[in-house]
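Student: My questions will all concern the structure given below.
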Amino acid sequence: MKPAPEPAPHALKADSFGRILLVEQDGQRFVRRDLEATPWWLRLPAWWLARREARALAHLDGMADTPALLAWNGRWLDRSFMPGDAMYQRPPRGDLAYFRAARRLLQRVHRHGIAHNDLAKEANWLVREDGSPALIDFQLAVIGNPRSRWMRLLAREDLRHLLKHKRMYCRESLTPVEKRLLKRTSWVRDLWFRTGKPVYRFVTRKILHWEDNEGQGPKP
């Protein structure tokens, strides 16, 4: 009897920087970032982002609640599949345990010398089947000495973004210290809003004709 054929890859997401596929191969399920469908004029930035993610995942070395790097060959990036829903799909409303665990997870990532750098997007926070948090999409991650001033600054920005989500879904549990931290904006954030974000919006909305709604999923 012939073995059953493996299912075709299932597209989870597609944009100008490639496709995200759920692949089942040799009994293993994993996620593939496929750059071969990227338009030629975007292949260099798409490759740069994928390479950045590969380096960050390799540095994390399969840390719990983050994807494990399986392969990177310049054309696609394979990482382990993590079952769960994006935060906007399964909001952790009133779930203080989720946000406590998310903060501990973020601290572990930072101790490994990684700043995620894209945690404003709810799509990058997973709510797993047991209700625990996980982090995905390390394309903008920065690697460095966790004790350096620059990395501490980026780590604080990561934490501020987590606290914004906590304010959205678990406001009554914000501590006085967390409320003060939310009010303290860094020069990095201010510079981004004055310079980088307008360019980002122009490129994504006017040139690429897509909008990620700040990572909160498609608008109804």
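To be explicit about the labels: the chains of the structure tokens are called A, B, and onward in the order shown, and within each one the residues are counted from 1, while ligands get numbers from 1 in the order they are shown.
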Write out as a list in words each polymer residue whose atoms come within 7 Å of Leu154 in chain A, counting only C-alpha atoms; drop sequence neighbours fewer than 4 positions from it.

Tutor: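 Close residues of Leu154 in chain A: Ala115, Asn117, Trp150 and Asp158 of chain A.
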
Student: For the selection just defined, write its residues with N, CA and C atoms to a file, as a short mmCIF file (atom, residue, chain, number, x, y, z; two decimals), in the first residue's frame.

Tutor:
data_model
loop_
_atom_site.label_atom_id
_atom_site.label_comp_id
_atom_site.auth_asym_id
_atom_site.auth_seq_id
_atom_site.Cartn_x
_atom_site.Cartn_y
_atom_site.Cartn_z
N ALA A 115 16.31 41.92 21.33
CA ALA A 115 15.18 42.85 21.43
C ALA A 115 14.29 42.58 20.23
N ASN A 117 11.55 44.21 18.94
CA ASN A 117 11.46 45.43 18.14
C ASN A 117 10.19 45.55 17.30
N TRP A 150 22.06 50.67 24.66
CA TRP A 150 21.18 50.57 23.51
C TRP A 150 20.20 49.42 23.66
N ASP A 158 10.22 47.33 24.07
CA ASP A 158 9.47 46.07 23.98
C ASP A 158 8.47 45.97 25.12
#

Student: Compile the contact shell of Asn145 in chain A as a PDB file with all heavy atoms, in the first residue's frame: residues with an atom at most 12 Å away, counting only C-alpha atoms, same-chain residues fewer than 2 positions apart removed.

Tutor:
ATOM      1  N   HIS A 110      15.095  38.944  26.358  1.00  0.00           N
ATOM      2  CA  HIS A 110      16.059  40.032  26.540  1.00  0.00           C
ATOM      3  C   HIS A 110      17.356  39.529  27.163  1.00  0.00           C
ATOM      4  O   HIS A 110      18.442  39.995  26.787  1.00  0.00           O
ATOM      5  CB  HIS A 110      15.438  41.129  27.401  1.00  0.00           C
ATOM      6  CG  HIS A 110      14.326  41.873  26.716  1.00  0.00           C
ATOM      7  ND1 HIS A 110      13.354  42.562  27.406  1.00  0.00           N
ATOM      8  CD2 HIS A 110      14.032  42.028  25.396  1.00  0.00           C
ATOM      9  CE1 HIS A 110      12.522  43.108  26.544  1.00  0.00           C
ATOM     10  NE2 HIS A 110      12.915  42.795  25.318  1.00  0.00           N
ATOM     11  N   ARG A 111      17.269  38.605  28.102  1.00  0.00           N
ATOM     12  CA  ARG A 111      18.491  38.067  28.714  1.00  0.00           C
ATOM     13  C   ARG A 111      19.332  37.301  27.695  1.00  0.00           C
ATOM     14  O   ARG A 111      20.553  37.191  27.856  1.00  0.00           O
ATOM     15  CB  ARG A 111      18.141  37.175  29.911  1.00  0.00           C
ATOM     16  CG  ARG A 111      17.750  37.934  31.162  1.00  0.00           C
ATOM     17  CD  ARG A 111      17.824  37.055  32.394  1.00  0.00           C
ATOM     18  NE  ARG A 111      16.865  35.968  32.351  1.00  0.00           N
ATOM     19  CZ  ARG A 111      15.629  36.026  32.859  1.00  0.00           C
ATOM     20  NH1 ARG A 111      15.213  37.157  33.443  1.00  0.00           N
ATOM     21  NH2 ARG A 111      14.825  34.987  32.785  1.00  0.00           N
ATOM     22  N   HIS A 112      18.695  36.801  26.641  1.00  0.00           N
ATOM     23  CA  HIS A 112      19.429  36.131  25.565  1.00  0.00           C
ATOM     24  C   HIS A 112      20.072  37.132  24.604  1.00  0.00           C
ATOM     25  O   HIS A 112      20.695  36.726  23.618  1.00  0.00           O
ATOM     26  CB  HIS A 112      18.486  35.212  24.775  1.00  0.00           C
ATOM     27  CG  HIS A 112      18.366  33.832  25.348  1.00  0.00           C
ATOM     28  ND1 HIS A 112      17.686  33.570  26.518  1.00  0.00           N
ATOM     29  CD2 HIS A 112      18.840  32.635  24.915  1.00  0.00           C
ATOM     30  CE1 HIS A 112      17.742  32.277  26.770  1.00  0.00           C
ATOM     31  NE2 HIS A 112      18.442  31.689  25.822  1.00  0.00           N
ATOM     32  N   GLY A 113      19.917  38.423  24.883  1.00  0.00           N
ATOM     33  CA  GLY A 113      20.521  39.441  24.022  1.00  0.00           C
ATOM     34  C   GLY A 113      19.719  39.735  22.777  1.00  0.00           C
ATOM     35  O   GLY A 113      20.286  40.130  21.751  1.00  0.00           O
ATOM     36  N   ILE A 114      18.389  39.576  22.854  1.00  0.00           N
ATOM     37  CA  ILE A 114      17.499  39.846  21.727  1.00  0.00           C
ATOM     38  C   ILE A 114      16.467  40.881  22.136  1.00  0.00           C
ATOM     39  O   ILE A 114      15.804  40.740  23.173  1.00  0.00           O
ATOM     40  CB  ILE A 114      16.764  38.571  21.271  1.00  0.00           C
ATOM     41  CG1 ILE A 114      17.750  37.502  20.814  1.00  0.00           C
ATOM     42  CG2 ILE A 114      15.753  38.882  20.172  1.00  0.00           C
ATOM     43  CD1 ILE A 114      18.398  37.773  19.490  1.00  0.00           C
ATOM     44  N   ALA A 115      16.314  41.924  21.326  1.00  0.00           N
ATOM     45  CA  ALA A 115      15.180  42.847  21.434  1.00  0.00           C
ATOM     46  C   ALA A 115      14.286  42.577  20.233  1.00  0.00           C
ATOM     47  O   ALA A 115      14.750  42.601  19.095  1.00  0.00           O
ATOM     48  CB  ALA A 115      15.647  44.299  21.443  1.00  0.00           C
ATOM     49  N   VAL A 142      16.835  42.777  17.099  1.00  0.00           N
ATOM     50  CA  VAL A 142      18.200  43.282  17.244  1.00  0.00           C
ATOM     51  C   VAL A 142      18.937  42.375  18.224  1.00  0.00           C
ATOM     52  O   VAL A 142      18.397  42.014  19.277  1.00  0.00           O
ATOM     53  CB  VAL A 142      18.204  44.738  17.746  1.00  0.00           C
ATOM     54  CG1 VAL A 142      19.625  45.208  18.026  1.00  0.00           C
ATOM     55  CG2 VAL A 142      17.528  45.659  16.741  1.00  0.00           C
ATOM     56  N   ILE A 143      20.156  42.014  17.883  1.00  0.00           N
ATOM     57  CA  ILE A 143      20.995  41.181  18.741  1.00  0.00           C
ATOM     58  C   ILE A 143      22.098  42.045  19.341  1.00  0.00           C
ATOM     59  O   ILE A 143      22.732  42.840  18.625  1.00  0.00           O
ATOM     60  CB  ILE A 143      21.625  40.020  17.944  1.00  0.00           C
ATOM     61  CG1 ILE A 143      20.546  39.166  17.297  1.00  0.00           C
ATOM     62  CG2 ILE A 143      22.514  39.164  18.840  1.00  0.00           C
ATOM     63  CD1 ILE A 143      21.104  38.087  16.373  1.00  0.00           C
ATOM     64  N   ARG A 147      23.316  44.116  28.447  1.00  0.00           N
ATOM     65  CA  ARG A 147      23.653  45.122  29.456  1.00  0.00           C
ATOM     66  C   ARG A 147      23.999  46.477  28.838  1.00  0.00           C
ATOM     67  O   ARG A 147      24.184  47.461  29.565  1.00  0.00           O
ATOM     68  CB  ARG A 147      24.836  44.635  30.299  1.00  0.00           C
ATOM     69  CG  ARG A 147      24.529  43.381  31.111  1.00  0.00           C
ATOM     70  CD  ARG A 147      25.710  42.973  31.960  1.00  0.00           C
ATOM     71  NE  ARG A 147      25.433  41.783  32.752  1.00  0.00           N
ATOM     72  CZ  ARG A 147      26.287  41.217  33.575  1.00  0.00           C
ATOM     73  NH1 ARG A 147      27.513  41.746  33.719  1.00  0.00           N
ATOM     74  NH2 ARG A 147      25.957  40.144  34.267  1.00  0.00           N
ATOM     75  N   SER A 148      24.090  46.533  27.516  1.00  0.00           N
ATOM     76  CA  SER A 148      24.448  47.796  26.876  1.00  0.00           C
ATOM     77  C   SER A 148      23.288  48.780  26.967  1.00  0.00           C
ATOM     78  O   SER A 148      22.116  48.394  27.077  1.00  0.00           O
ATOM     79  CB  SER A 148      24.813  47.570  25.404  1.00  0.00           C
ATOM     80  OG  SER A 148      23.662  47.230  24.651  1.00  0.00           O
ATOM     81  N   ARG A 149      23.614  50.049  26.914  1.00  0.00           N
ATOM     82  CA  ARG A 149      22.590  51.083  27.015  1.00  0.00           C
ATOM     83  C   ARG A 149      21.573  50.967  25.882  1.00  0.00           C
ATOM     84  O   ARG A 149      20.364  51.115  26.088  1.00  0.00           O
ATOM     85  CB  ARG A 149      23.247  52.472  26.993  1.00  0.00           C
ATOM     86  CG  ARG A 149      22.254  53.623  27.085  1.00  0.00           C
ATOM     87  CD  ARG A 149      22.946  54.954  27.157  1.00  0.00           C
ATOM     88  NE  ARG A 149      23.773  55.071  28.357  1.00  0.00           N
ATOM     89  CZ  ARG A 149      24.477  56.152  28.656  1.00  0.00           C
ATOM     90  NH1 ARG A 149      24.471  57.203  27.847  1.00  0.00           N
ATOM     91  NH2 ARG A 149      25.191  56.193  29.758  1.00  0.00           N
ATOM     92  N   TRP A 150      22.064  50.673  24.665  1.00  0.00           N
ATOM     93  CA  TRP A 150      21.184  50.574  23.505  1.00  0.00           C
ATOM     94  C   TRP A 150      20.196  49.425  23.655  1.00  0.00           C
ATOM     95  O   TRP A 150      18.992  49.587  23.423  1.00  0.00           O
ATOM     96  CB  TRP A 150      22.027  50.391  22.247  1.00  0.00           C
ATOM     97  CG  TRP A 150      21.255  50.146  20.978  1.00  0.00           C
ATOM     98  CD1 TRP A 150      21.338  49.056  20.182  1.00  0.00           C
ATOM     99  CD2 TRP A 150      20.317  51.027  20.349  1.00  0.00           C
ATOM    100  NE1 TRP A 150      20.496  49.192  19.092  1.00  0.00           N
ATOM    101  CE2 TRP A 150      19.864  50.386  19.176  1.00  0.00           C
ATOM    102  CE3 TRP A 150      19.805  52.286  20.663  1.00  0.00           C
ATOM    103  CZ2 TRP A 150      18.930  50.962  18.311  1.00  0.00           C
ATOM    104  CZ3 TRP A 150      18.867  52.865  19.817  1.00  0.00           C
ATOM    105  CH2 TRP A 150      18.448  52.217  18.661  1.00  0.00           C
ATOM    106  N   MET A 151      20.672  48.259  24.080  1.00  0.00           N
ATOM    107  CA  MET A 151      19.793  47.111  24.223  1.00  0.00           C
ATOM    108  C   MET A 151      18.816  47.300  25.379  1.00  0.00           C
ATOM    109  O   MET A 151      17.654  46.859  25.295  1.00  0.00           O
ATOM    110  CB  MET A 151      20.612  45.834  24.405  1.00  0.00           C
ATOM    111  CG  MET A 151      21.379  45.406  23.167  1.00  0.00           C
ATOM    112  SD  MET A 151      20.306  45.031  21.747  1.00  0.00           S
ATOM    113  CE  MET A 151      19.512  43.525  22.325  1.00  0.00           C
ATOM    114  N   ARG A 152      19.256  47.955  26.432  1.00  0.00           N
ATOM    115  CA  ARG A 152      18.321  48.226  27.536  1.00  0.00           C
ATOM    116  C   ARG A 152      17.210  49.166  27.079  1.00  0.00           C
ATOM    117  O   ARG A 152      16.055  49.021  27.479  1.00  0.00           O
ATOM    118  CB  ARG A 152      19.071  48.828  28.728  1.00  0.00           C
ATOM    119  CG  ARG A 152      20.010  47.856  29.430  1.00  0.00           C
ATOM    120  CD  ARG A 152      20.311  48.303  30.867  1.00  0.00           C
ATOM    121  NE  ARG A 152      20.735  49.683  30.946  1.00  0.00           N
ATOM    122  CZ  ARG A 152      21.985  50.100  30.886  1.00  0.00           C
ATOM    123  NH1 ARG A 152      22.957  49.204  30.710  1.00  0.00           N
ATOM    124  NH2 ARG A 152      22.297  51.369  30.990  1.00  0.00           N
ATOM    125  N   LEU A 153      17.564  50.116  26.229  1.00  0.00           N
ATOM    126  CA  LEU A 153      16.561  51.040  25.691  1.00  0.00           C
ATOM    127  C   LEU A 153      15.545  50.294  24.825  1.00  0.00           C
ATOM    128  O   LEU A 153      14.328  50.482  24.959  1.00  0.00           O
ATOM    129  CB  LEU A 153      17.254  52.133  24.868  1.00  0.00           C
ATOM    130  CG  LEU A 153      16.349  53.161  24.177  1.00  0.00           C
ATOM    131  CD1 LEU A 153      15.527  53.940  25.193  1.00  0.00           C
ATOM    132  CD2 LEU A 153      17.186  54.106  23.335  1.00  0.00           C
ATOM    133  N   LEU A 154      16.045  49.410  23.946  1.00  0.00           N
ATOM    134  CA  LEU A 154      15.143  48.641  23.090  1.00  0.00           C
ATOM    135  C   LEU A 154      14.291  47.679  23.914  1.00  0.00           C
ATOM    136  O   LEU A 154      13.107  47.466  23.600  1.00  0.00           O
ATOM    137  CB  LEU A 154      15.942  47.870  22.044  1.00  0.00           C
ATOM    138  CG  LEU A 154      16.694  48.705  21.009  1.00  0.00           C
ATOM    139  CD1 LEU A 154      17.440  47.796  20.036  1.00  0.00           C
ATOM    140  CD2 LEU A 154      15.745  49.632  20.251  1.00  0.00           C
ATOM    141  N   ALA A 155      14.878  47.108  24.967  1.00  0.00           N
ATOM    142  CA  ALA A 155      14.119  46.207  25.831  1.00  0.00           C
ATOM    143  C   ALA A 155      12.983  46.962  26.521  1.00  0.00           C
ATOM    144  O   ALA A 155      11.873  46.436  26.675  1.00  0.00           O
ATOM    145  CB  ALA A 155      15.045  45.563  26.858  1.00  0.00           C
TER     146      ALA A 155
END

Student: From the options A:Arg19, A:Arg51, A:His10, A:Arg32, which residue's atoms come nearest to Leu140 in chain A, counting only C-alpha atoms?

Tutor: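 Checking each candidate against Leu140 in chain A, we get A:Arg51 as the closest.
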
Student: Would you compute the distance between CA of Arg52 in chain A and CA of Gln139 in chain A? Give it in Å to one decimal.

Tutor: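 Interatomic distance, CA of Arg52 in chain A to CA of Gln139 in chain A: 5.5 Å.
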
Student: Enumerate the residues of chain A with a DSSP assignment of helix (DSSP H, G or I), computed from the backbone, and present them as a PyMOL selection string.

Tutor: chain A and resi 40-60+96-111+122-124+149-169+171-173+176-183+187-207+213-215

Student: Using only C-alpha atoms for the distances, tell me which of A:Gly84, A:Gly62, A:Gly94, A:Pro39 is nearest to Lys166 in chain A.

Tutor: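 Closest candidate: A:Gly94.
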
Student: Find the residues around Asn124 in chain A up to 12 Å (only C-alpha atoms counted), leave out those fewer than 2 positions away in its own chain, and share them as an MDAnalysis selection string.

Tutor: chainID A and resid 66:67 82 84:89 102 116:122 126:127 133:140 158 161:162 165 212 214:217

Student: Name the residues in contact with Asp95 in chain A at a cut-off of 12 Å, using only C-alpha atoms, excluding same-chain residues fewer than 3 positions from it; report them as a PyMOL selection string.

Tutor: chain A and resi 87+90-92+98-102+127+131-133+165-174

Student: Considering only C-alpha atoms, tabulate each residue of range 147-168 of chain A that lies at most 8 Å from range 179-186 of chain A along with its nearest interatomic pair and the corresponding distance in Å to one decimal; arrange the rows by chain and ascending residue number and present them as JSON lines.

Tutor:
{"residue": "A:Leu153", "atom": "CA", "partner": "A:Ser186", "partner_atom": "CA", "distance": 7.8}
{"residue": "A:Glu157", "atom": "CA", "partner": "A:Ser186", "partner_atom": "CA", "distance": 7.7}
{"residue": "A:Arg160", "atom": "CA", "partner": "A:Leu182", "partner_atom": "CA", "distance": 5.9}
{"residue": "A:Leu163", "atom": "CA", "partner": "A:Leu182", "partner_atom": "CA", "distance": 7.0}
{"residue": "A:Lys164", "atom": "CA", "partner": "A:Leu182", "partner_atom": "CA", "distance": 7.3}

Student: So the first atom is CA of Asp26 in chain A and the second is CA of Ala58 in chain A; what is the distance between them in Å, to one decimal place?

Tutor: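 Interatomic distance here is 22.5 Å.
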
Student: Give me the residues near Leu21 in chain A as a VMD selection string, where near means some atom within 9 Å (using only C-alpha atoms) and where sequence neighbours in that chain fewer than 5 positions away do not count.

Tutor: chain A and resid 9 to 14 30 to 34

Student: Nearest to Arg108 in chain A: which of A:Leu96, A:Asp78, A:Ala141, A:Leu60 is it, counting only C-alpha atoms?

Tutor: A:Leu60

Student: Which residue out of A:Pro146, A:Met63, A:Asp130, A:Ala50 has the minimum interatomic distance to Ala97 in chain A when only C-alpha atoms are used?

Tutor: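 With only C-alpha atoms as the atom set, the closest residue is A:Asp130.
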
Student: Need to verify the contact set: Ala37 in chain A, 10 Å, only C-alpha atoms, exclusion of same-chain residues closer than 3 positions in sequence. Can you return it as a list in words?

Tutor: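 So the residues in contact are Ala14, Asp15, Ser16, Phe17, Gly18, Arg19, Asp34, Trp40, Arg43 and Arg75 of chain A.
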
Student: Limited to N, CA and C atoms, could you put the picked residues into a file as a PDB file, in the first residue's frame?

Tutor:
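File written: part_19.pdb
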ATOM      1  N   ALA A  14       0.179  36.078   2.887  1.00  0.00           N
ATOM      2  CA  ALA A  14       0.956  36.454   1.701  1.00  0.00           C
ATOM      3  C   ALA A  14       0.954  37.965   1.587  1.00  0.00           C
ATOM      4  N   ASP A  15       2.141  38.532   1.352  1.00  0.00           N
ATOM      5  CA  ASP A  15       2.241  39.961   1.120  1.00  0.00           C
ATOM      6  C   ASP A  15       3.375  40.217   0.148  1.00  0.00           C
ATOM      7  N   SER A  16       3.786  41.474   0.031  1.00  0.00           N
ATOM      8  CA  SER A  16       4.801  41.833  -0.950  1.00  0.00           C
ATOM      9  C   SER A  16       6.167  41.234  -0.629  1.00  0.00           C
ATOM     10  N   PHE A  17       6.376  40.782   0.603  1.00  0.00           N
ATOM     11  CA  PHE A  17       7.672  40.247   1.000  1.00  0.00           C
ATOM     12  C   PHE A  17       7.715  38.727   0.983  1.00  0.00           C
ATOM     13  N   GLY A  18       6.698  38.094   0.410  1.00  0.00           N
ATOM     14  CA  GLY A  18       6.721  36.655   0.282  1.00  0.00           C
ATOM     15  C   GLY A  18       5.473  36.011   0.861  1.00  0.00           C
ATOM     16  N   ARG A  19       5.539  34.685   1.005  1.00  0.00           N
ATOM     17  CA  ARG A  19       4.415  33.917   1.527  1.00  0.00           C
ATOM     18  C   ARG A  19       4.822  33.197   2.805  1.00  0.00           C
ATOM     19  N   ASP A  34       8.568  31.846   2.469  1.00  0.00           N
ATOM     20  CA  ASP A  34       9.013  31.577   1.099  1.00  0.00           C
ATOM     21  C   ASP A  34       9.240  32.903   0.373  1.00  0.00           C
ATOM     22  N   TRP A  40      10.822  40.950  -7.849  1.00  0.00           N
ATOM     23  CA  TRP A  40      12.274  41.080  -7.933  1.00  0.00           C
ATOM     24  C   TRP A  40      12.781  42.327  -7.249  1.00  0.00           C
ATOM     25  N   ARG A  43      13.147  41.751  -3.453  1.00  0.00           N
ATOM     26  CA  ARG A  43      13.829  40.552  -2.969  1.00  0.00           C
ATOM     27  C   ARG A  43      14.972  40.870  -2.003  1.00  0.00           C
ATOM     28  N   ARG A  75      16.534  31.387   0.242  1.00  0.00           N
ATOM     29  CA  ARG A  75      15.290  31.394  -0.544  1.00  0.00           C
ATOM     30  C   ARG A  75      14.069  31.168   0.326  1.00  0.00           C
TER      31      ARG A  75
END

Student: Please report the interatomic distance between CA of Arg79 in chain A and CA of Arg104 in chain A in Å with one decimal.

Tutor: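 Going from CA of Arg79 in chain A over to CA of Arg104 in chain A covers 22.5 Å.
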
Student: From a backbone DSSP assignment, name each residue in chain A labelled strand (DSSP E), as a PyMOL selection string.

Tutor: chain A and resi 10-15+18-25+28-34+69-72+76-80+85-86+114-115+125-127+133-135+142-143
